[in-house]
Structures are given as C-alpha cells and as structure tokens.
>>> print(open('my_file-v2.csv').read())   # CSV, C-alpha atoms
chain,number,residue,atom,x,y,z
P,1,MET,CA,-2.6,-37.2,-46.5
P,2,PHE,CA,-2.3,-33.5,-46.9
P,3,SER,CA,-1.8,-33.0,-43.1
P,4,ALA,CA,0.9,-35.8,-43.1
P,5,ALA,CA,2.8,-34.0,-45.9
P,6,VAL,CA,2.6,-30.7,-43.9
P,7,ARG,CA,3.9,-32.5,-40.8
P,8,ILE,CA,6.9,-34.0,-42.6
P,9,SER,CA,7.8,-30.6,-44.2
P,10,ALA,CA,7.4,-28.9,-40.8
P,11,ALA,CA,9.8,-31.5,-39.2
P,12,GLY,CA,12.2,-30.9,-42.1
P,13,ILE,CA,12.2,-27.1,-41.4
P,14,ARG,CA,12.7,-27.8,-37.7
P,15,THR,CA,15.8,-29.9,-38.2
P,16,ALA,CA,17.3,-27.3,-40.5
P,17,VAL,CA,16.9,-24.7,-37.7
P,18,ARG,CA,18.4,-27.0,-35.1
P,19,SER,CA,21.6,-27.3,-37.0
P,20,ARG,CA,22.5,-23.7,-36.2
P,21,PRO,CA,25.1,-23.2,-33.5
P,22,CYS,CA,23.8,-24.2,-30.1
P,23,PHE,CA,25.0,-26.0,-27.0
P,24,THR,CA,25.8,-29.4,-28.2
P,25,ALA,CA,25.5,-31.2,-24.9
P,26,PRO,CA,24.5,-34.8,-25.2
P,27,LEU,CA,21.7,-34.5,-22.6
P,28,ALA,CA,18.5,-32.5,-23.1
P,29,VAL,CA,19.8,-28.9,-22.9
P,30,ARG,CA,17.1,-26.9,-24.5
P,31,CYS,CA,17.9,-23.6,-26.1
P,32,TYR,CA,14.9,-21.5,-25.4
P,33,SER,CA,16.6,-18.4,-27.0
P,34,HIS,CA,19.5,-18.2,-29.3
P,35,ALA,CA,20.4,-14.7,-28.1
P,36,LYS,CA,23.6,-14.2,-26.2
P,37,PRO,CA,23.1,-12.6,-22.8
P,38,GLU,CA,24.2,-8.9,-22.9
P,39,THR,CA,27.4,-8.2,-20.9
P,40,ASP,CA,27.7,-5.5,-18.4
P,41,GLU,CA,29.9,-3.4,-20.7
P,42,GLU,CA,27.4,-3.7,-23.5
P,43,PHE,CA,24.6,-2.7,-21.2
P,44,ASP,CA,26.6,0.4,-20.0
P,45,ALA,CA,27.6,1.3,-23.6
P,46,ARG,CA,24.0,1.1,-24.7
P,47,TRP,CA,22.8,3.5,-22.0
P,48,VAL,CA,25.7,5.9,-22.4
P,49,THR,CA,24.8,6.1,-26.1
P,50,TYR,CA,21.2,6.6,-25.4
P,51,PHE,CA,21.8,9.6,-23.2
P,52,SER,CA,24.6,10.9,-25.5
P,53,LYS,CA,22.2,11.7,-28.3
P,54,PRO,CA,22.9,15.3,-29.1
P,55,ASP,CA,19.3,16.3,-29.8
P,56,ILE,CA,17.8,14.2,-27.0
P,57,ASP,CA,14.4,15.6,-26.0
P,58,ALA,CA,12.9,15.9,-22.5
P,59,TRP,CA,10.6,13.0,-22.9
P,60,GLU,CA,13.5,10.7,-23.9
P,61,LEU,CA,15.5,11.8,-20.9
P,62,ARG,CA,12.5,11.1,-18.6
P,63,LYS,CA,11.7,7.8,-20.2
P,64,GLY,CA,15.4,6.7,-20.1
P,65,MET,CA,15.9,7.7,-16.6
P,66,ASN,CA,12.7,6.2,-15.2
P,67,THR,CA,13.4,2.9,-17.1
P,68,LEU,CA,17.0,2.8,-15.8
P,69,ILE,CA,15.9,3.4,-12.2
P,70,GLY,CA,13.4,0.5,-12.7
P,71,TYR,CA,16.2,-2.0,-13.3
P,72,ASP,CA,17.6,-4.0,-10.4
P,73,LEU,CA,20.9,-2.2,-10.4
P,74,VAL,CA,22.6,1.1,-9.6
P,75,PRO,CA,23.7,2.8,-12.9
P,76,GLU,CA,27.4,3.1,-13.5
P,77,PRO,CA,28.9,6.6,-13.1
P,78,LYS,CA,29.5,6.8,-16.8
P,79,ILE,CA,25.9,6.3,-17.6
P,80,LEU,CA,25.0,9.0,-15.0
P,81,ASP,CA,27.6,11.3,-16.5
P,82,SER,CA,25.9,10.9,-19.9
P,83,ALA,CA,22.5,11.5,-18.3
P,84,LEU,CA,23.7,14.7,-16.5
P,85,ARG,CA,25.1,16.1,-19.7
P,86,ALA,CA,21.8,15.4,-21.3
P,87,CYS,CA,20.1,17.4,-18.6
P,88,ARG,CA,22.6,20.2,-19.3
P,89,ARG,CA,21.7,20.1,-23.0
P,90,LEU,CA,18.0,20.3,-22.0
P,91,ASN,CA,18.7,23.2,-19.5
P,92,ASP,CA,17.2,21.1,-16.7
P,93,LEU,CA,19.0,21.4,-13.4
P,94,ALA,CA,16.2,20.1,-11.3
P,95,SER,CA,16.3,16.7,-13.2
P,96,ALA,CA,20.1,16.5,-12.7
P,97,ILE,CA,19.7,16.9,-8.9
P,98,ARG,CA,16.8,14.5,-9.0
P,99,ILE,CA,18.9,11.9,-10.8
P,100,LEU,CA,21.5,12.1,-8.0
P,101,GLU,CA,18.8,11.6,-5.4
P,102,ALA,CA,17.4,8.6,-7.2
P,103,VAL,CA,20.9,7.0,-7.3
P,104,ARG,CA,21.2,7.4,-3.6
P,105,ASP,CA,17.8,5.9,-3.0
P,106,LYS,CA,18.5,3.1,-5.4
P,107,SER,CA,21.6,2.0,-3.5
P,108,GLY,CA,19.3,1.2,-0.6
P,109,PRO,CA,21.2,-0.3,2.4
P,110,HIS,CA,24.5,-0.2,0.6
P,111,LYS,CA,25.7,3.2,1.9
P,112,ASP,CA,29.0,3.1,0.2
P,113,ILE,CA,27.7,3.2,-3.4
P,114,TYR,CA,26.5,6.8,-3.4
P,115,PRO,CA,29.7,8.4,-2.1
P,116,TYR,CA,31.6,6.4,-4.7
P,117,VAL,CA,29.3,7.6,-7.5
P,118,ILE,CA,29.6,11.2,-6.4
P,119,GLN,CA,33.3,10.9,-6.1
P,120,GLU,CA,33.5,9.6,-9.7
P,121,LEU,CA,31.1,12.3,-10.9
P,122,GLN,CA,32.9,15.2,-9.1
P,123,PRO,CA,34.7,16.5,-12.3
P,124,THR,CA,31.4,16.5,-14.2
P,125,LEU,CA,29.5,18.1,-11.3
P,126,ARG,CA,32.0,20.8,-10.9
P,127,GLU,CA,32.2,21.4,-14.7
P,128,LEU,CA,28.5,21.7,-15.1
P,129,GLY,CA,27.8,23.4,-11.8
P,130,ILE,CA,25.5,20.8,-10.5
P,131,SER,CA,25.1,20.8,-6.7
P,132,THR,CA,24.5,17.5,-4.9
P,133,PRO,CA,21.3,17.2,-3.0
P,134,GLU,CA,23.3,17.2,0.2
P,135,GLU,CA,24.8,20.6,-0.6
P,136,LEU,CA,21.3,22.0,-1.1
P,137,GLY,CA,20.0,20.4,2.1
P,138,LEU,CA,17.5,18.2,0.2
P,139,ASP,CA,18.5,15.1,2.1
P,140,LYS,CA,17.3,16.6,5.3
P,141,LEU,CA,13.6,16.9,6.1
C,1,MET,CA,-7.3,1.7,-4.1
C,2,LEU,CA,-3.9,3.1,-3.6
C,3,SER,CA,-4.6,5.7,-6.3
C,4,SER,CA,-7.8,6.8,-4.6
C,5,ARG,CA,-5.9,7.2,-1.3
C,6,ALA,CA,-3.4,9.3,-3.0
C,7,LEU,CA,-6.2,11.2,-4.6
C,8,VAL,CA,-7.7,11.9,-1.1
C,9,ARG,CA,-4.4,13.0,0.2
C,10,GLY,CA,-3.9,15.2,-2.8
C,11,LEU,CA,-7.3,16.7,-2.2
C,12,GLN,CA,-6.6,17.1,1.5
C,13,SER,CA,-3.2,18.7,0.9
C,14,GLY,CA,-4.8,20.9,-1.8
C,15,LEU,CA,-7.4,22.2,0.6
C,16,TRP,CA,-4.9,22.7,3.4
C,17,ARG,CA,-2.6,24.5,1.1
C,18,ARG,CA,-5.5,26.8,0.0
C,19,VAL,CA,-6.1,27.7,3.6
C,20,SER,CA,-2.5,28.3,4.6
C,21,THR,CA,-1.1,30.1,1.6
C,22,THR,CA,-1.2,33.7,0.6
C,23,SER,CA,-2.7,34.8,-2.7
C,24,GLY,CA,0.8,35.1,-4.2
C,25,MET,CA,1.5,31.5,-3.6
C,26,LYS,CA,-1.8,30.3,-5.0
C,27,ALA,CA,-0.8,31.3,-8.5
C,28,ALA,CA,2.3,29.2,-8.3
C,29,HIS,CA,0.6,25.8,-8.2
C,30,ALA,CA,-0.6,24.6,-11.6
C,31,GLN,CA,-3.2,22.1,-10.7
C,32,ASP,CA,-6.5,23.0,-9.1
C,33,LEU,CA,-6.4,20.1,-6.7
C,34,ASP,CA,-10.1,20.0,-6.1
C,35,VAL,CA,-10.6,18.8,-9.7
C,36,ILE,CA,-7.8,16.6,-11.0
C,37,ASP,CA,-7.7,16.4,-14.7
C,38,CYS,CA,-6.9,12.8,-15.5
C,39,SER,CA,-6.9,13.3,-19.2
C,40,VAL,CA,-3.5,15.1,-19.2
C,41,PRO,CA,-0.2,13.8,-17.7
C,42,GLN,CA,-0.1,14.4,-14.0
C,43,TYR,CA,2.7,15.1,-11.6
C,44,ASN,CA,3.5,12.4,-9.1
C,45,ASN,CA,6.0,11.8,-6.3
C,46,ARG,CA,7.3,8.3,-6.7
C,47,ARG,CA,10.6,6.8,-5.7
C,48,ASP,CA,10.7,4.6,-8.8
C,49,THR,CA,9.9,7.5,-11.2
C,50,PRO,CA,12.5,10.2,-10.5
C,51,LEU,CA,11.5,12.4,-13.4
C,52,PRO,CA,7.7,12.8,-13.5
C,53,ASP,CA,5.8,13.6,-16.6
C,54,VAL,CA,5.2,17.2,-15.9
C,55,PRO,CA,6.9,19.7,-13.6
C,56,PHE,CA,5.1,20.4,-10.3
C,57,VAL,CA,4.6,24.1,-11.0
C,58,GLN,CA,3.5,24.7,-14.6
C,59,ASN,CA,2.2,28.3,-14.6
C,60,LEU,CA,5.3,30.3,-13.8
C,61,ASN,CA,5.1,33.9,-12.7
C,62,ALA,CA,7.5,36.5,-14.1
C,63,GLU,CA,10.1,35.9,-11.4
C,64,GLN,CA,10.1,32.2,-12.0
C,65,LYS,CA,10.3,32.7,-15.7
C,66,LYS,CA,13.4,34.8,-15.2
C,67,LEU,CA,15.0,32.0,-13.2
C,68,LYS,CA,14.2,29.6,-16.0
C,69,GLU,CA,16.0,31.9,-18.4
C,70,LYS,CA,19.0,32.0,-16.1
C,71,GLU,CA,18.9,28.2,-16.0
C,72,LYS,CA,19.8,28.2,-19.7
C,73,GLY,CA,23.1,29.7,-19.0
C,74,PRO,CA,26.0,28.1,-17.0
C,75,TRP,CA,24.7,26.6,-13.8
C,76,THR,CA,27.8,27.8,-12.0
C,77,ASN,CA,26.2,31.2,-12.0
C,78,LEU,CA,23.3,30.1,-10.0
C,79,THR,CA,23.2,30.6,-6.3
C,80,LYS,CA,22.2,27.8,-3.9
C,81,GLU,CA,18.9,29.3,-3.3
C,82,GLU,CA,18.2,29.6,-7.0
C,83,LYS,CA,19.1,26.0,-7.6
C,84,LEU,CA,16.8,25.0,-4.7
C,85,ALA,CA,14.0,27.1,-6.2
C,86,LEU,CA,14.5,25.4,-9.6
C,87,TYR,CA,14.3,22.0,-7.9
C,88,ARG,CA,11.1,23.0,-6.1
C,89,LEU,CA,9.6,24.3,-9.3
C,90,SER,CA,9.9,20.9,-10.9
C,91,HIS,CA,9.4,18.7,-7.8
C,92,GLU,CA,7.0,18.9,-5.0
C,93,LEU,CA,8.7,16.5,-2.5
C,94,SER,CA,12.4,15.6,-2.3
C,95,TYR,CA,13.2,11.9,-1.8
C,96,ALA,CA,13.7,12.4,1.9
C,97,GLU,CA,10.3,13.9,2.2
C,98,MET,CA,8.7,11.2,0.1
C,99,LYS,CA,10.2,8.4,2.2
C,100,LYS,CA,9.4,10.0,5.5
C,101,GLY,CA,6.8,7.9,7.3
C,102,SER,CA,4.1,9.3,9.5
C,103,ASP,CA,2.8,8.5,13.0
C,104,GLU,CA,-0.5,7.4,11.7
C,105,TRP,CA,0.1,3.8,12.8
C,106,LYS,CA,0.0,4.9,16.4
C,107,THR,CA,-3.4,6.4,16.0
C,108,VAL,CA,-4.6,3.3,14.2
C,109,ILE,CA,-3.3,0.9,17.0
C,110,GLY,CA,-4.6,3.2,19.7
C,111,GLY,CA,-8.0,3.2,18.0
C,112,VAL,CA,-8.0,-0.5,17.7
C,113,PHE,CA,-7.2,-1.0,21.3
C,114,PHE,CA,-9.8,1.6,22.4
C,115,PHE,CA,-12.6,-0.1,20.5
C,116,LEU,CA,-11.5,-3.6,21.7
C,117,GLY,CA,-11.7,-2.3,25.2
C,118,PHE,CA,-15.1,-0.8,24.7
C,119,THR,CA,-16.3,-4.1,23.3
C,120,GLY,CA,-14.9,-5.8,26.3
C,121,LEU,CA,-17.0,-3.5,28.5
C,122,LEU,CA,-20.1,-4.4,26.5
C,123,VAL,CA,-19.3,-8.1,26.8
C,124,TRP,CA,-18.9,-7.8,30.6
C,125,TRP,CA,-22.1,-5.9,30.9
C,126,GLN,CA,-24.0,-8.5,28.9
C,127,ARG,CA,-22.6,-11.3,31.0
C,128,ALA,CA,-23.5,-9.5,34.2
C,129,TYR,CA,-26.9,-8.1,33.3
C,130,VAL,CA,-28.4,-10.0,30.4
C,131,PHE,CA,-27.5,-13.6,30.8
C,132,GLY,CA,-29.5,-15.7,33.3
C,133,ASP,CA,-28.1,-18.3,35.7
C,134,VAL,CA,-25.7,-21.0,34.6
C,135,PRO,CA,-27.3,-24.5,34.3
C,136,ARG,CA,-27.0,-26.7,37.4
C,137,THR,CA,-24.8,-29.1,35.6
C,138,LEU,CA,-22.0,-26.5,36.1
C,139,SER,CA,-22.5,-26.1,39.9
C,140,PRO,CA,-19.6,-27.4,42.1
C,141,GLU,CA,-21.7,-30.2,43.5
C,142,TRP,CA,-22.6,-31.6,40.2
C,143,ILE,CA,-19.1,-31.2,38.9
C,144,GLU,CA,-17.9,-33.2,41.9
C,145,MET,CA,-20.3,-36.0,41.3
C,146,GLN,CA,-19.5,-35.9,37.6
C,147,THR,CA,-15.7,-36.2,38.2
C,148,LYS,CA,-16.3,-39.1,40.6
C,149,ARG,CA,-18.3,-40.9,37.9
C,150,MET,CA,-15.6,-40.2,35.3
C,151,LEU,CA,-12.9,-41.7,37.5
C,152,ASP,CA,-15.1,-44.7,38.3
C,153,MET,CA,-15.6,-45.2,34.5
C,154,ARG,CA,-11.8,-45.0,34.0
C,155,VAL,CA,-12.1,-42.2,31.4
C,156,ASN,CA,-8.9,-41.9,29.4
C,157,PRO,CA,-6.9,-44.2,31.7
C,158,VAL,CA,-3.7,-44.3,29.7
C,159,GLY,CA,-2.6,-40.8,29.1
C,160,GLY,CA,-5.6,-38.6,30.0
C,161,PHE,CA,-8.0,-38.0,32.8
C,162,SER,CA,-7.9,-41.1,34.9
C,163,ALA,CA,-4.2,-41.6,34.4
C,164,LYS,CA,-3.7,-38.5,36.6
C,165,TRP,CA,-5.7,-40.0,39.5
C,166,ASP,CA,-3.9,-42.1,42.0
C,167,TYR,CA,-6.4,-44.9,42.8
C,168,GLU,CA,-4.4,-46.2,45.8
C,169,LYS,CA,-4.2,-43.0,47.6
C,170,ASN,CA,-7.5,-41.7,46.3
C,171,GLN,CA,-6.1,-38.3,45.3
C,172,TRP,CA,-4.8,-36.6,42.2
C,173,LYS,CA,-1.2,-37.5,41.3
>>> encode(input="my_file-v2.csv", output="structure tokens")
Amino acid sequence: MFSAAVRISAAGIRTAVRSRPCFTAPLAVRCYSHAKPETDEEFDARWVTYFSKPDIDAWELRKGMNTLIGYDLVPEPKILDSALRACRRLNDLASAIRILEAVRDKSGPHKDIYPYVIQELQPTLRELGISTPEELGLDKL
Amino acid sequence: MLSSRALVRGLQSGLWRRVSTTSGMKAAHAQDLDVIDCSVPQYNNRRDTPLPDVPFVQNLNAEQKKLKEKEKGPWTNLTKEEKLALYRLSHELSYAEMKKGSDEWKTVIGGVFFFLGFTGLLVWWQRAYVFGDVPRTLSPEWIEMQTKRMLDMRVNPVGGFSAKWDYEKNQWK
C-alpha cells in the first residue's frame, strides 16, 4: 500500500514535469534533454569571452586552447584573435605561434582555411608583432 | 604500450643528444631523460595538445633569461631569430617535425621478407633431406589406375569429375 502511494505520487510529479514546453508532436517524439542546442554564434561568443578574461592565467590559456583544438572544428578568427591577445597578456610568443600551427594542422585537407584565417588575423598579427610559422620557417623540416 | 614506445624513443633521443651535444647545450635541457619524473607535469609533442603542460626547456641560462625579459616588451622589437629561439625554448618539435614520418616501415617490410625467405630455405631443405619417400599411392601408375576407377564409378557425374570426361571419345573434354 505504501509503495502504491509512492508510485501514484511519482506519476503525479512526472505529469507535472511533462507539461513544460516541449515538442508537442502527436507521435512519440521523446525529449531526452530540454536544453536548446547552442548556436554557432553562442559557441564563438563563449570562447571569445573565455580568452578575453583580463587576468587569464597560463593554465587557463593552455586548457582553453587544448580543449578548443579537441573539438571537431577550426576555431573562428575572432576566437583566435582573443586567444592571441591572451598570449600577449601572458608574454608568451611561443604559444601564439603554436596556436597558428595548430589551426593549420586542424584544417587538415582543407587547404583554404588557414590562409583565410591568417588573412583575417593580419591586423592583430601586425599589431602584436606575431610572426606566422611560415615566416619563421617552422613549416619546413 | 604507446606511452612505453614514446618512453623508449625519449630515452633514445636523450642518450643520442647526450653524445652529440656540447656541455653548453646539456644545461639547456630541463629533463634528465634517463630518469623521467612521472610525478610532475611532463612536456609532450602532440598534435592535439598544442600547448603542453610545461615548456620544453625549463632551466634557462642567463642569455635565455634575458630573451624572456625581452619577450615581456613589444614583440615587434624581436628579431626573427629571437622569435624562433623563444619558440624552441617552449617547444621541442614543430608541427611539421611532429608529423614527419620515418622510413622505418621499409626496414620492417624488408625484415619480414628476409625472414620469410629464410624460412622458405629451411622448408626446402627439410623437404629435400629430412622427409622420406612419398607413399606409393601418389606414384603416377597408381594415380592412373585410381583415375580410371573413379571414372568407372562415375564420380561427380553432373558437374564435377566424371562430367569432364568424354565417355564416347574416351578422353578428357
């Protein structure tokens, strides 16, 4: 009897939850998660904010960059711009060059992504004095 | 297993580096590669980890320390060589060097073929000098009598053995 009462109350709770906004298709469309998928702009904005932290520390830069490179995408130039400026705040030129190398490697067979990214970043690279890996000969063996 | 291979290569490169470098360079490398301290963050060359936990060179000599000081100012004041030196202080291998393959596979394939060939020689020798005569049931005369018997028995007459024998002309089709 006690377990029956628990079951009824549990079902009552479940129906209350289900009345929240969801896909109201007549067939069995199951909402596994009520979260809205993040848009590309939100993703970019989140990462730009991450690297824009004024007192970002070296660990956070490394963690952020390694995580970003782990994703199945090439980061937008604006995220990279934010990351390069973080390198500047941390006085770390080597990391800035490494980030550019990583972007080139990340583009894989799509050879037109990296020149585009460099072209977009040119103002920042010139302003901060970051040489590209090609200028330093790091792309040769 | 991969990490142990990397360990071996690290040890090997450490030993070779010892042999080939001058005493001045020896001070530049932080890790004593004979004994890798696994209780502290280590440097690694990985394509998926662009910024490793520690810089490659950790014990800086005076000249390198000066360069690090200069790094705190505007990077436009750095020459190309200085930028390259700063990069090499933090990173052992560039991406290009990391991704470069080796010719080891040729050695492996060559070794495999060599040993296969050697085994072939052993097998031939065994056949020639160890094995005795073949049973008489494999002699040509026996095979002939056997084949005749199989044809007389009409072995596999539809799609197999006897189907290929022309019984009128007494020859193979």
>>> closest_atom_pairs(input="my_file-v2.csv", of="chain C", to="chain P", cutoff="9 Å", atoms="all atoms listed in the file", output="CSV")
residue,atom,partner,partner_atom,distance
C:Arg47,CA,P:Ala102,CA,7.2
C:Asp48,CA,P:Gly70,CA,6.3
C:Thr49,CA,P:Asn66,CA,5.1
C:Pro50,CA,P:Ala102,CA,6.1
C:Leu51,CA,P:Arg62,CA,5.5
C:Pro52,CA,P:Arg62,CA,7.2
C:Asp53,CA,P:Arg62,CA,7.4
C:Lys68,CA,P:Asn91,CA,8.6
C:Glu71,CA,P:Asn91,CA,6.1
C:Lys72,CA,P:Asn91,CA,5.1
C:Gly73,CA,P:Asn91,CA,7.9
C:Pro74,CA,P:Leu128,CA,7.1
C:Trp75,CA,P:Gly129,CA,4.9
C:Thr76,CA,P:Gly129,CA,4.4
C:Asn77,CA,P:Gly129,CA,8.0
C:Leu78,CA,P:Gly129,CA,8.3
C:Lys80,CA,P:Leu136,CA,6.5
C:Glu81,CA,P:Leu136,CA,8.0
C:Lys83,CA,P:Leu93,CA,7.4
C:Leu84,CA,P:Leu136,CA,6.5
C:Ala85,CA,P:Ala94,CA,8.9
C:Leu86,CA,P:Ala94,CA,5.8
C:Tyr87,CA,P:Ala94,CA,4.3
C:Arg88,CA,P:Ala94,CA,7.8
C:Leu89,CA,P:Ala94,CA,8.1
C:Ser90,CA,P:Ala94,CA,6.4
C:His91,CA,P:Ala94,CA,7.8
C:Ser94,CA,P:Leu138,CA,6.2
C:Tyr95,CA,P:Glu101,CA,6.7
C:Ala96,CA,P:Asp139,CA,5.5
C:Glu97,CA,P:Leu141,CA,5.9
C:Lys100,CA,P:Leu141,CA,8.1
>>> write_last_selection(input="my_file-v2.csv", atoms="C-alpha atoms", output="PDB file, in the frame of the given file")
ATOM      1  CA  ARG C  47      10.600   6.800  -5.700  1.00  0.00           C
ATOM      2  CA  ASP C  48      10.700   4.600  -8.800  1.00  0.00           C
ATOM      3  CA  THR C  49       9.900   7.500 -11.200  1.00  0.00           C
ATOM      4  CA  PRO C  50      12.500  10.200 -10.500  1.00  0.00           C
ATOM      5  CA  LEU C  51      11.500  12.400 -13.400  1.00  0.00           C
ATOM      6  CA  PRO C  52       7.700  12.800 -13.500  1.00  0.00           C
ATOM      7  CA  ASP C  53       5.800  13.600 -16.600  1.00  0.00           C
ATOM      8  CA  LYS C  68      14.200  29.600 -16.000  1.00  0.00           C
ATOM      9  CA  GLU C  71      18.900  28.200 -16.000  1.00  0.00           C
ATOM     10  CA  LYS C  72      19.800  28.200 -19.700  1.00  0.00           C
ATOM     11  CA  GLY C  73      23.100  29.700 -19.000  1.00  0.00           C
ATOM     12  CA  PRO C  74      26.000  28.100 -17.000  1.00  0.00           C
ATOM     13  CA  TRP C  75      24.700  26.600 -13.800  1.00  0.00           C
ATOM     14  CA  THR C  76      27.800  27.800 -12.000  1.00  0.00           C
ATOM     15  CA  ASN C  77      26.200  31.200 -12.000  1.00  0.00           C
ATOM     16  CA  LEU C  78      23.300  30.100 -10.000  1.00  0.00           C
ATOM     17  CA  LYS C  80      22.200  27.800  -3.900  1.00  0.00           C
ATOM     18  CA  GLU C  81      18.900  29.300  -3.300  1.00  0.00           C
ATOM     19  CA  LYS C  83      19.100  26.000  -7.600  1.00  0.00           C
ATOM     20  CA  LEU C  84      16.800  25.000  -4.700  1.00  0.00           C
ATOM     21  CA  ALA C  85      14.000  27.100  -6.200  1.00  0.00           C
ATOM     22  CA  LEU C  86      14.500  25.400  -9.600  1.00  0.00           C
ATOM     23  CA  TYR C  87      14.300  22.000  -7.900  1.00  0.00           C
ATOM     24  CA  ARG C  88      11.100  23.000  -6.100  1.00  0.00           C
ATOM     25  CA  LEU C  89       9.600  24.300  -9.300  1.00  0.00           C
ATOM     26  CA  SER C  90       9.900  20.900 -10.900  1.00  0.00           C
ATOM     27  CA  HIS C  91       9.400  18.700  -7.800  1.00  0.00           C
ATOM     28  CA  SER C  94      12.400  15.600  -2.300  1.00  0.00           C
ATOM     29  CA  TYR C  95      13.200  11.900  -1.800  1.00  0.00           C
ATOM     30  CA  ALA C  96      13.700  12.400   1.900  1.00  0.00           C
ATOM     31  CA  GLU C  97      10.300  13.900   2.200  1.00  0.00           C
ATOM     32  CA  LYS C 100       9.400  10.000   5.500  1.00  0.00           C
TER      33      LYS C 100
END
>>> atom_distance(input="my_file-v2.csv", atom1="atom CA of P:Glu38", atom2="atom CA of P:Phe51")
18.7 Å
>>> atom_distance(input="my_file-v2.csv", atom1="atom CA of C:Ala163", atom2="atom CA of C:Met145")
18.4 Å
>>> atom_distance(input="my_file-v2.csv", atom1="atom CA of P:Ile79", atom2="atom CA of P:Ala45")
8.0 Å
>>> residues_around(input="my_file-v2.csv", residues="P:Pro115", least_positions_apart="4", cutoff="12 Å", atoms="all atoms listed in the file", output="list of chain:residue names")
P:Pro77, P:Leu100, P:Glu101, P:Val103, P:Arg104, P:Ser107, P:His110, P:Lys111, P:Gln119, P:Glu120, P:Leu121, P:Gln122, P:Thr132, P:Glu134
